[in-house]
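Q: Just model.csv, nothing more (CSV, N, CA, C and O atoms):
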chain,number,residue,atom,x,y,z
A,1,MET,N,224.6,-30.3,-66.2
A,1,MET,CA,225.7,-29.4,-66.5
A,1,MET,C,225.6,-28.8,-67.9
A,1,MET,O,225.9,-27.7,-68.1
A,2,LYS,N,225.1,-29.7,-68.8
A,2,LYS,CA,225.0,-29.2,-70.2
A,2,LYS,C,224.1,-28.0,-70.4
A,2,LYS,O,224.4,-27.1,-71.1
A,3,ILE,N,223.0,-27.9,-69.6
A,3,ILE,CA,222.0,-26.8,-69.7
A,3,ILE,C,222.7,-25.5,-69.2
A,3,ILE,O,222.5,-24.4,-69.8
A,4,TYR,N,223.6,-25.6,-68.3
A,4,TYR,CA,224.3,-24.4,-67.8
A,4,TYR,C,225.3,-23.9,-68.8
A,4,TYR,O,225.4,-22.7,-69.0
A,5,LEU,N,226.0,-24.8,-69.5
A,5,LEU,CA,226.9,-24.4,-70.6
A,5,LEU,C,226.1,-23.8,-71.7
A,5,LEU,O,226.6,-22.8,-72.3
A,6,LEU,N,225.0,-24.4,-72.1
A,6,LEU,CA,224.2,-23.8,-73.1
A,6,LEU,C,223.7,-22.4,-72.8
A,6,LEU,O,223.7,-21.5,-73.6
A,7,SER,N,223.3,-22.3,-71.5
A,7,SER,CA,222.8,-21.0,-71.0
A,7,SER,C,223.9,-19.9,-71.1
A,7,SER,O,223.7,-18.8,-71.5
A,8,LEU,N,225.1,-20.4,-70.6
A,8,LEU,CA,226.2,-19.5,-70.7
A,8,LEU,C,226.6,-19.1,-72.1
A,8,LEU,O,226.8,-17.9,-72.4
A,9,GLY,N,226.5,-20.0,-73.0
A,9,GLY,CA,226.8,-19.7,-74.5
A,9,GLY,C,225.8,-18.8,-75.0
A,9,GLY,O,226.1,-17.8,-75.7
A,10,ALA,N,224.5,-19.0,-74.7
A,10,ALA,CA,223.4,-18.0,-75.1
A,10,ALA,C,223.7,-16.6,-74.6
A,10,ALA,O,223.5,-15.6,-75.3
A,11,GLY,N,224.0,-16.6,-73.3
A,11,GLY,CA,224.3,-15.3,-72.7
A,11,GLY,C,225.5,-14.6,-73.3
A,11,GLY,O,225.4,-13.3,-73.5
A,12,LEU,N,226.5,-15.3,-73.6
A,12,LEU,CA,227.7,-14.7,-74.3
A,12,LEU,C,227.3,-14.2,-75.7
A,12,LEU,O,227.7,-13.1,-76.1
A,13,LEU,N,226.5,-14.9,-76.4
A,13,LEU,CA,226.0,-14.5,-77.7
A,13,LEU,C,225.2,-13.2,-77.6
A,13,LEU,O,225.4,-12.3,-78.4
A,14,VAL,N,224.3,-13.2,-76.7
A,14,VAL,CA,223.5,-11.9,-76.5
A,14,VAL,C,224.4,-10.8,-76.1
A,14,VAL,O,224.2,-9.6,-76.5
A,15,GLY,N,225.4,-11.0,-75.2
A,15,GLY,CA,226.3,-10.0,-74.8
A,15,GLY,C,227.1,-9.4,-76.0
A,15,GLY,O,227.3,-8.2,-76.2
A,16,VAL,N,227.5,-10.3,-76.9
A,16,VAL,CA,228.2,-9.9,-78.2
A,16,VAL,C,227.3,-9.0,-79.0
A,16,VAL,O,227.6,-8.0,-79.5
A,17,ILE,N,226.0,-9.5,-79.2
A,17,ILE,CA,225.0,-8.7,-80.0
A,17,ILE,C,224.8,-7.4,-79.4
A,17,ILE,O,224.8,-6.3,-80.1
A,18,TYR,N,224.6,-7.3,-78.0
A,18,TYR,CA,224.4,-6.0,-77.3
A,18,TYR,C,225.6,-5.1,-77.6
A,18,TYR,O,225.5,-3.9,-77.8
A,19,SER,N,226.8,-5.7,-77.5
A,19,SER,CA,228.0,-4.9,-77.8
A,19,SER,C,228.1,-4.3,-79.2
A,19,SER,O,228.4,-3.1,-79.4
A,20,LEU,N,227.7,-5.1,-80.1
A,20,LEU,CA,227.7,-4.7,-81.5
A,20,LEU,C,226.6,-3.6,-81.8
A,20,LEU,O,226.8,-2.7,-82.6
A,21,LEU,N,225.5,-3.6,-81.0
A,21,LEU,CA,224.5,-2.6,-81.1
A,21,LEU,C,224.7,-1.4,-80.2
A,21,LEU,O,223.9,-0.5,-80.2
A,22,ASN,N,225.8,-1.4,-79.5
A,22,ASN,CA,226.1,-0.4,-78.5
A,22,ASN,C,225.1,-0.2,-77.5
A,22,ASN,O,224.7,0.9,-77.1
A,23,VAL,N,224.5,-1.3,-77.0
A,23,VAL,CA,223.5,-1.3,-75.9
A,23,VAL,C,224.2,-1.8,-74.6
A,23,VAL,O,224.9,-2.9,-74.7
A,24,ARG,N,224.1,-1.1,-73.5
A,24,ARG,CA,224.8,-1.6,-72.3
A,24,ARG,C,223.8,-2.5,-71.5
A,24,ARG,O,222.6,-2.4,-71.6
A,25,SER,N,224.4,-3.4,-70.8
A,25,SER,CA,223.6,-4.4,-70.0
A,25,SER,C,223.7,-3.9,-68.6
A,25,SER,O,224.8,-3.5,-68.1
A,26,PRO,N,222.7,-3.9,-67.8
A,26,PRO,CA,221.3,-4.3,-68.2
A,26,PRO,C,220.7,-3.3,-69.2
A,26,PRO,O,221.0,-2.1,-69.1
A,27,ALA,N,220.0,-3.8,-70.2
A,27,ALA,CA,219.5,-3.0,-71.2
A,27,ALA,C,218.4,-2.1,-70.7
A,27,ALA,O,217.8,-2.4,-69.7
A,28,PRO,N,218.1,-1.0,-71.3
A,28,PRO,CA,217.0,-0.1,-71.0
A,28,PRO,C,215.7,-1.0,-71.0
A,28,PRO,O,215.6,-1.9,-71.8
A,29,PRO,N,214.7,-0.7,-70.1
A,29,PRO,CA,213.5,-1.5,-70.0
A,29,PRO,C,212.9,-1.9,-71.3
A,29,PRO,O,212.5,-3.1,-71.5
A,30,LEU,N,212.7,-0.9,-72.2
A,30,LEU,CA,212.0,-1.3,-73.5
A,30,LEU,C,212.8,-2.2,-74.3
A,30,LEU,O,212.3,-3.2,-74.9
A,31,VAL,N,214.1,-2.0,-74.4
A,31,VAL,CA,215.0,-2.9,-75.2
A,31,VAL,C,215.0,-4.3,-74.6
A,31,VAL,O,214.9,-5.3,-75.3
A,32,ALA,N,215.0,-4.4,-73.2
A,32,ALA,CA,215.0,-5.7,-72.6
A,32,ALA,C,213.7,-6.4,-72.8
A,32,ALA,O,213.7,-7.6,-73.1
A,33,LEU,N,212.5,-5.7,-72.8
A,33,LEU,CA,211.2,-6.3,-73.0
A,33,LEU,C,211.1,-6.8,-74.5
A,33,LEU,O,210.6,-7.9,-74.7
A,34,VAL,N,211.6,-6.0,-75.4
A,34,VAL,CA,211.6,-6.4,-76.8
A,34,VAL,C,212.4,-7.7,-77.0
A,34,VAL,O,212.1,-8.6,-77.7
A,35,GLY,N,213.6,-7.7,-76.3
A,35,GLY,CA,214.5,-8.8,-76.4
A,35,GLY,C,213.8,-10.1,-75.8
A,35,GLY,O,213.9,-11.2,-76.4
A,36,LEU,N,213.1,-9.9,-74.7
A,36,LEU,CA,212.4,-11.1,-74.1
A,36,LEU,C,211.3,-11.6,-75.0
A,36,LEU,O,211.1,-12.8,-75.2
A,37,LEU,N,210.6,-10.7,-75.7
A,37,LEU,CA,209.6,-11.1,-76.7
A,37,LEU,C,210.2,-11.9,-77.8
A,37,LEU,O,209.7,-12.9,-78.2
A,38,GLY,N,211.4,-11.4,-78.2
A,38,GLY,CA,212.1,-12.1,-79.3
A,38,GLY,C,212.5,-13.5,-78.8
A,38,GLY,O,212.5,-14.5,-79.6
A,39,ILE,N,212.9,-13.6,-77.6
A,39,ILE,CA,213.3,-14.9,-77.0
A,39,ILE,C,212.1,-15.9,-77.0
A,39,ILE,O,212.2,-17.0,-77.5
A,40,LEU,N,211.0,-15.4,-76.5
A,40,LEU,CA,209.8,-16.2,-76.5
A,40,LEU,C,209.3,-16.6,-77.9
A,40,LEU,O,209.0,-17.8,-78.1
A,41,ALA,N,209.4,-15.7,-78.8
A,41,ALA,CA,209.0,-16.0,-80.2
A,41,ALA,C,210.0,-17.0,-80.8
A,41,ALA,O,209.6,-17.9,-81.5
A,42,GLY,N,211.3,-16.7,-80.6
A,42,GLY,CA,212.3,-17.6,-81.1
A,42,GLY,C,212.2,-19.0,-80.6
A,42,GLY,O,212.5,-20.0,-81.4
A,43,GLU,N,211.8,-19.2,-79.4
A,43,GLU,CA,211.6,-20.6,-78.9
A,43,GLU,C,210.5,-21.3,-79.6
A,43,GLU,O,210.5,-22.6,-79.6
A,44,GLN,N,209.6,-20.6,-80.2
A,44,GLN,CA,208.5,-21.3,-80.9
A,44,GLN,C,208.8,-21.7,-82.3
A,44,GLN,O,208.1,-22.4,-83.0
A,45,ILE,N,209.9,-21.2,-82.9
A,45,ILE,CA,210.2,-21.5,-84.3
A,45,ILE,C,210.4,-22.9,-84.5
A,45,ILE,O,209.9,-23.5,-85.5
A,46,VAL,N,211.2,-23.6,-83.7
A,46,VAL,CA,211.5,-25.0,-83.9
A,46,VAL,C,210.2,-25.9,-83.8
A,46,VAL,O,209.9,-26.7,-84.7
A,47,PRO,N,209.4,-25.8,-82.7
A,47,PRO,CA,208.2,-26.6,-82.7
A,47,PRO,C,207.2,-26.4,-83.8
A,47,PRO,O,206.6,-27.3,-84.4
A,48,VAL,N,207.1,-25.1,-84.2
A,48,VAL,CA,206.1,-24.8,-85.3
A,48,VAL,C,206.7,-25.3,-86.6
A,48,VAL,O,206.0,-25.9,-87.4
A,49,ALA,N,208.0,-25.2,-86.8
A,49,ALA,CA,208.6,-25.7,-88.1
A,49,ALA,C,208.5,-27.2,-88.1
A,49,ALA,O,208.2,-27.7,-89.2
A,50,ARG,N,208.6,-27.9,-87.0
A,50,ARG,CA,208.4,-29.4,-87.0
A,50,ARG,C,207.0,-29.7,-87.4
A,50,ARG,O,206.8,-30.6,-88.2
A,51,GLN,N,206.0,-29.0,-86.9
A,51,GLN,CA,204.6,-29.3,-87.3
A,51,GLN,C,204.4,-28.9,-88.8
A,51,GLN,O,203.7,-29.7,-89.4
A,52,LEU,N,205.0,-27.8,-89.2
A,52,LEU,CA,204.8,-27.5,-90.7
A,52,LEU,C,205.4,-28.6,-91.6
A,52,LEU,O,204.9,-28.9,-92.6
A,53,LEU,N,206.6,-29.0,-91.2
A,53,LEU,CA,207.3,-30.1,-92.0
A,53,LEU,C,206.5,-31.4,-92.0
A,53,LEU,O,206.7,-32.2,-92.9
A,54,SER,N,205.7,-31.6,-90.9
A,54,SER,CA,205.0,-32.9,-90.9
A,54,SER,C,203.6,-32.7,-91.6
A,54,SER,O,202.8,-33.7,-91.6
A,55,GLY,N,203.4,-31.6,-92.3
A,55,GLY,CA,202.3,-31.4,-93.2
A,55,GLY,C,201.1,-30.6,-92.6
A,55,GLY,O,200.1,-30.5,-93.3
A,56,HIS,N,201.2,-30.1,-91.4
A,56,HIS,CA,200.1,-29.2,-90.9
A,56,HIS,C,200.2,-27.8,-91.5
A,56,HIS,O,201.3,-27.4,-91.9
A,57,GLY,N,199.1,-27.2,-91.5
A,57,GLY,CA,199.0,-25.8,-91.9
A,57,GLY,C,199.6,-24.9,-90.8
A,57,GLY,O,199.8,-25.4,-89.6
A,58,LEU,N,199.8,-23.6,-91.0
A,58,LEU,CA,200.4,-22.7,-90.0
A,58,LEU,C,199.5,-22.6,-88.8
A,58,LEU,O,200.0,-22.7,-87.7
A,59,ALA,N,198.2,-22.4,-88.9
A,59,ALA,CA,197.3,-22.3,-87.8
A,59,ALA,C,197.3,-23.6,-87.0
A,59,ALA,O,197.4,-23.5,-85.7
A,60,SER,N,197.3,-24.7,-87.6
A,60,SER,CA,197.3,-26.0,-86.9
A,60,SER,C,198.6,-26.2,-86.2
A,60,SER,O,198.7,-26.7,-85.1
A,61,ALA,N,199.7,-25.8,-86.9
A,61,ALA,CA,201.1,-26.0,-86.3
A,61,ALA,C,201.2,-25.1,-85.1
A,61,ALA,O,201.7,-25.5,-84.1
A,62,TRP,N,200.7,-23.9,-85.1
A,62,TRP,CA,200.7,-23.0,-84.0
A,62,TRP,C,200.0,-23.6,-82.8
A,62,TRP,O,200.4,-23.6,-81.7
A,63,GLN,N,198.8,-24.2,-83.1
A,63,GLN,CA,198.0,-24.8,-82.0
A,63,GLN,C,198.6,-26.0,-81.5
A,63,GLN,O,198.7,-26.3,-80.3
A,64,GLN,N,199.1,-26.9,-82.4
A,64,GLN,CA,199.8,-28.1,-82.0
A,64,GLN,C,201.0,-27.9,-81.1
A,64,GLN,O,201.3,-28.7,-80.2
A,65,ALA,N,201.8,-26.9,-81.4
A,65,ALA,CA,203.0,-26.5,-80.7
A,65,ALA,C,202.6,-25.8,-79.4
A,65,ALA,O,203.5,-25.5,-78.6
A,66,LYS,N,201.4,-25.5,-79.1
A,66,LYS,CA,200.9,-24.8,-77.9
A,66,LYS,C,201.7,-23.5,-77.7
A,66,LYS,O,202.1,-23.2,-76.6
A,67,CYS,N,201.8,-22.7,-78.8
A,67,CYS,CA,202.5,-21.5,-78.7
A,67,CYS,C,201.8,-20.4,-77.9
A,67,CYS,O,202.4,-19.7,-77.1
A,68,ALA,N,200.5,-20.3,-78.0
A,68,ALA,CA,199.8,-19.2,-77.3
A,68,ALA,C,199.9,-19.3,-75.8
A,68,ALA,O,200.2,-18.3,-75.2
A,69,PRO,N,199.7,-20.5,-75.2
A,69,PRO,CA,199.8,-20.6,-73.8
A,69,PRO,C,201.3,-20.3,-73.3
A,69,PRO,O,201.5,-19.8,-72.3
A,70,HIS,N,202.2,-20.7,-74.1
A,70,HIS,CA,203.6,-20.5,-73.8
A,70,HIS,C,204.0,-19.0,-73.8
A,70,HIS,O,204.7,-18.5,-73.0
A,71,MET,N,203.6,-18.4,-74.9
A,71,MET,CA,203.9,-16.9,-75.1
A,71,MET,C,203.1,-16.0,-74.2
A,71,MET,O,203.6,-15.0,-73.8
A,72,PHE,N,201.8,-16.3,-74.0
A,72,PHE,CA,200.9,-15.3,-73.4
A,72,PHE,C,200.4,-15.8,-72.0
A,72,PHE,O,199.7,-15.1,-71.3
A,73,GLY,N,200.7,-17.0,-71.6
A,73,GLY,CA,200.2,-17.6,-70.4
A,73,GLY,C,198.7,-17.9,-70.5
A,73,GLY,O,198.2,-17.8,-71.6
A,74,MET,N,198.1,-18.3,-69.5
A,74,MET,CA,196.7,-18.5,-69.5
A,74,MET,C,195.9,-17.2,-69.4
A,74,MET,O,196.0,-16.5,-68.5
A,75,LEU,N,195.3,-16.9,-70.5
A,75,LEU,CA,194.5,-15.6,-70.6
A,75,LEU,C,193.2,-15.7,-69.8
A,75,LEU,O,192.7,-16.8,-69.6
A,76,PRO,N,192.8,-14.6,-69.2
A,76,PRO,CA,191.5,-14.6,-68.4
A,76,PRO,C,190.4,-15.2,-69.2
A,76,PRO,O,190.2,-14.9,-70.4
A,77,GLY,N,189.6,-16.1,-68.6
A,77,GLY,CA,188.5,-16.7,-69.2
A,77,GLY,C,188.8,-17.8,-70.2
A,77,GLY,O,187.9,-18.4,-70.8
A,78,ARG,N,190.1,-18.2,-70.3
A,78,ARG,CA,190.5,-19.2,-71.3
A,78,ARG,C,190.9,-20.5,-70.5
A,78,ARG,O,191.6,-21.3,-71.1
A,79,GLN,N,190.6,-20.6,-69.2
A,79,GLN,CA,191.0,-21.8,-68.5
A,79,GLN,C,190.1,-23.0,-69.0
A,79,GLN,O,189.0,-22.8,-69.2
A,80,ASN,N,190.8,-24.1,-69.0
A,80,ASN,CA,190.0,-25.3,-69.4
A,80,ASN,C,189.4,-25.9,-68.2
A,80,ASN,O,189.7,-25.6,-67.0
A,81,ASP,N,188.5,-26.9,-68.3
A,81,ASP,CA,187.8,-27.5,-67.2
A,81,ASP,C,188.8,-28.2,-66.3
A,81,ASP,O,188.6,-28.3,-65.1
A,82,GLN,N,189.8,-28.8,-66.8
A,82,GLN,CA,190.8,-29.6,-66.0
A,82,GLN,C,191.5,-28.6,-65.0
A,82,GLN,O,191.6,-29.0,-63.8
A,83,SER,N,191.9,-27.5,-65.4
A,83,SER,CA,192.5,-26.6,-64.5
A,83,SER,C,191.6,-26.0,-63.4
A,83,SER,O,191.9,-25.8,-62.3
A,84,LYS,N,190.3,-25.8,-63.8
A,84,LYS,CA,189.3,-25.4,-62.9
A,84,LYS,C,189.0,-26.5,-61.8
A,84,LYS,O,188.9,-26.3,-60.7
A,85,ASN,N,188.9,-27.8,-62.3
A,85,ASN,CA,188.7,-28.9,-61.4
A,85,ASN,C,189.9,-29.1,-60.5
A,85,ASN,O,189.7,-29.4,-59.3
A,86,ALA,N,191.1,-28.9,-61.0
A,86,ALA,CA,192.3,-29.0,-60.1
A,86,ALA,C,192.3,-27.9,-59.0
A,86,ALA,O,192.6,-28.2,-57.9
A,87,ALA,N,191.9,-26.7,-59.4
A,87,ALA,CA,191.8,-25.7,-58.4
A,87,ALA,C,190.8,-25.9,-57.4
A,87,ALA,O,191.0,-25.7,-56.2
A,88,SER,N,189.6,-26.5,-57.8
A,88,SER,CA,188.6,-26.8,-56.8
A,88,SER,C,189.0,-27.9,-55.9
A,88,SER,O,188.7,-27.9,-54.7
A,89,VAL,N,189.7,-28.9,-56.4
A,89,VAL,CA,190.2,-30.0,-55.6
A,89,VAL,C,191.2,-29.5,-54.6
A,89,VAL,O,191.2,-29.9,-53.4
A,90,ASP,N,192.1,-28.7,-55.0
A,90,ASP,CA,193.1,-28.1,-54.1
A,90,ASP,C,192.4,-27.3,-53.0
A,90,ASP,O,192.8,-27.4,-51.8
A,91,GLY,N,191.4,-26.6,-53.3
A,91,GLY,CA,190.6,-25.8,-52.3
A,91,GLY,C,190.0,-26.8,-51.3
A,91,GLY,O,189.9,-26.5,-50.1
A,92,LEU,N,189.4,-27.9,-51.8
A,92,LEU,CA,188.8,-28.9,-50.9
A,92,LEU,C,189.8,-29.5,-49.9
A,92,LEU,O,189.5,-29.7,-48.8
A,93,GLU,N,191.0,-29.8,-50.5
A,93,GLU,CA,192.1,-30.4,-49.6
A,93,GLU,C,192.5,-29.4,-48.5
A,93,GLU,O,192.8,-29.9,-47.4
A,94,LYS,N,192.5,-28.2,-48.8
A,94,LYS,CA,193.0,-27.2,-47.8
A,94,LYS,C,192.0,-27.0,-46.7
A,94,LYS,O,192.3,-26.8,-45.5
A,95,HIS,N,190.7,-27.2,-47.0
A,95,HIS,CA,189.6,-27.0,-46.0
A,95,HIS,C,189.4,-28.3,-45.2
A,95,HIS,O,188.7,-28.2,-44.2
A,96,SER,N,189.9,-29.4,-45.6
A,96,SER,CA,189.7,-30.7,-44.9
A,96,SER,C,190.5,-30.8,-43.7
A,96,SER,O,191.5,-30.3,-43.5
Starting from the file, lay out its structure as structure tokens.
A:
Amino acid sequence: MKIYLLSLGAGLLVGVIYSLLNVRSPAPPLVALVGLLGILAGEQIVPVARQLLSGHGLASAWQQAKCAPHMFGMLPGRQNDQSKNAASVDGLEKHS
């Protein structure tokens, strides 16, 4: 129940901000996409800040917080061996 109340509170806050900026909801596509990018980037502030406070450098903090996979998904050609092995095992199970 707590997550729903937090989500409602975040939605209300965004609604107030949209109103102050005179943007109607649903926002125009470009405004909405920029807003989503801001949400994704904003989610990374706390994990990166925690890593920075524990003494890591910025690049290390970014990597430790796994920001790139969260913000950009798995980029082509960047899959690790574990995900390749999982995919091949899934394929074997389907053919059995």
Q: Which residues come within 8 Å of A:Leu58, counting only C-alpha atoms, excluding same-chain residues fewer than 4 positions away, as a list in words?
A: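 The contact residues come out as Val48, Leu52 and Trp62 of chain A.
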Q: Go ahead and compute the interatomic distance for atom O of A:Arg24 and atom N of A:Leu37, in Å to one decimal.
A: 15.2 Å
Q: Pick the closest to A:Lys66 from A:Ser7, A:Gln44, A:Ser25, A:Ser19: which is it, counting all atoms listed in the file?
A: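 Smallest separation from A:Lys66 among the options: A:Gln44.
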Q: Hey, can you check how far atom O of A:Ala32 sits from atom CA of A:Ile45?
A: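 Separating atom O of A:Ala32 from atom CA of A:Ile45 is a distance of 18.2 Å.
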Q: What's the separation between atom CA of A:Val31 and atom CA of A:Ala65, in Å to one decimal place?
A: 27.0 Å
